[in-house]
Structures are given as structure tokens and as C-alpha cells.
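Below: the structure, in C-alpha cells.
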Amino acid sequence: MIASITITLALGGAAQATVACAPLATVDRLVATANARHGETPVAAATIPAQRARLGGLREYVSRFHRRMLAGGLIESDVYNLQQVTRDLVEEGVGLAVLPEERLCWQRAGLNLAHAQYYFVRAGAAAGTFPPQHLNQARARIESFRAGYDRALAECAAAAR
């Protein structure tokens, strides 16, 4: 309880909510507009409803984690799970994207979520709730999403030519 209060104070209440909720709002918009990929075979087209269902489930999972994060209810093992599920969410969204710009938006949303998670972990490490190595994992996740974003940006630039 003391640790969650410390984390909330370290992040500054309203700032904490903004950092955590803004990326989720972007993900909500992306999930709502996820278009079906036009499969070249009936088998590929048949997998799209399952992909959409998985995307919705992953989005709900990340949302629940972020609510627990805001309430100060995450434990050490949850941080790794949240990073993995965020990666899966973005990969699923990118898999459903039709246009390069959509893939770019998904990668940016993942980068924003990774930043929000980093700020939370940084506050937790400062409060002594999370070990410092979680900061390294959070930084690595940011760099992973940054690399994906850079690839998607290059793809958009190539498509614009």
C-alpha cells in the first residue's frame, strides 16, 4: 500500500493518469478501425475473425493492467507480463493492418504504451517496489518498438514515392 502511494505521488496523480490513458485511447481507435486484410486464399480470409477476436482480448488485457497500474496494484511479475502482452497486441494489430500508415500507427501506439510503462517502472524503482533491472527491460522494450516504428516509417516513405 505504501509503495503504491509512493508511486502515485512520484508520478503526480493527474500526470500519471494522462501518461497511462492517452496511449490506450489511441489503441482503442486503432482496434475500432482495424480492417480485414484481404487474404489471397480462403484459409487466410478465414483467420481474420480469430485475429480480430485476439486483438480485442489483448486490448482488454492491456486495459486491465493499466487500470491496476494506476491503482498501484501491479506486482513485480506483472511488469514482464504487461510488456509481453503489449508486444503481442501491437503485432496482432500490425498483422491486421492493410496500409503502411496503419502499421505505422500501430507501432507508434506500441511505442507510446512502452513509454507509459517505462515511467511507471521508473517510479516503482525509485520507490523501491521494482528492482532496477526492470528499468533495463522497459528501456529495451522502448528500443524494440522504436525500431519497429522506424521500419514502418521507412515503409511509408517508400510507399509514398
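By order of appearance in the C-alpha cells: chains A, B, ..., then residues from 1 within every chain, and ligands from 1 in the order shown.
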Long-range neighbours of segment 101-107 of chain A as a ChimeraX atom specification, 8 Å cut-off, only C-alpha atoms, 3 positions minimum in chain: /A:27,30,90,93-94,97-98,110-111,145-146,148-149,152-153,156
Write out as a short mmCIF file (atom, residue, chain, number, x, y, z; two decimals) with C-alpha atoms, in the first residue's frame the residues lying within 9 Å of Leu24 of chain A, counting only C-alpha atoms and excluding same-chain residues fewer than 4 positions away.
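Written out: part25.cif:
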```
data_model
loop_
_atom_site.label_atom_id
_atom_site.label_comp_id
_atom_site.auth_asym_id
_atom_site.auth_seq_id
_atom_site.Cartn_x
_atom_site.Cartn_y
_atom_site.Cartn_z
CA ALA A 20 -1.21 5.81 -18.94
CA ASP A 28 -8.98 1.89 -28.78
CA ARG A 29 -9.27 3.89 -32.01
CA ARG A 59 -6.60 -4.83 -25.78
CA VAL A 62 -3.67 -4.27 -21.50
CA SER A 63 -6.51 -2.02 -20.36
CA HIS A 66 -3.21 -0.16 -16.94
CA ALA A 109 0.86 3.17 -30.23
CA ASN A 112 3.64 5.19 -26.54
CA LEU A 113 2.50 2.28 -24.36
#
```
Selection: 10 Å around Tyr118 of chain A, only C-alpha atoms, excl. self and same-chain fewer than 2 positions, as a short mmCIF file (atom, residue, chain, number, x, y, z; two decimals) with C-alpha atoms, in the first residue's frame:
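This is the output file out-v9.cif:
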```cif
data_model
loop_
_atom_site.label_atom_id
_atom_site.label_comp_id
_atom_site.auth_asym_id
_atom_site.auth_seq_id
_atom_site.Cartn_x
_atom_site.Cartn_y
_atom_site.Cartn_z
CA VAL A 79 5.61 -5.82 -15.36
CA GLN A 83 5.45 -5.88 -21.73
CA ASN A 112 3.64 5.19 -26.54
CA LEU A 113 2.50 2.28 -24.36
CA ALA A 114 6.12 1.27 -23.77
CA HIS A 115 6.93 4.83 -22.67
CA ALA A 116 3.98 4.85 -20.25
CA PHE A 120 5.62 3.57 -14.17
CA VAL A 121 8.57 1.21 -13.72
CA ARG A 122 10.93 4.13 -13.16
CA ALA A 123 8.70 5.45 -10.39
CA GLY A 124 8.44 1.95 -8.91
CA HIS A 134 13.08 -3.78 -14.69
CA LEU A 135 14.19 -0.37 -15.94
CA ASN A 136 16.59 -2.07 -18.36
CA GLN A 137 13.78 -4.31 -19.63
CA ALA A 138 11.48 -1.31 -20.06
CA ARG A 139 14.19 0.59 -21.96
CA ALA A 140 14.80 -2.44 -24.17
CA ARG A 141 11.07 -2.63 -24.93
CA ILE A 142 11.08 1.04 -25.91
#
```
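Taking atom CA of Gln117 of chain A and atom CA of Thr26 of chain A as the two end points, the separation is 15.2 Å.
Shortest atom-to-atom contact with Met69 of chain A among A:Glu143, A:Tyr119, A:Asp150, A:Ala53: A:Tyr119, counting only C-alpha atoms.
As for atom CA of Ala127 of chain A and atom CA of Thr86 of chain A, they are spaced 24.0 Å apart.
If you measure from each of A:Ala160, A:Glu92, A:Arg67, A:Ser77 to Pro49 of chain A using only C-alpha atoms, the closest one turns out to be A:Glu92.
With atom CA of Leu70 of chain A on one side and atom CA of Arg87 of chain A on the other, the separation reads 20.1 Å.
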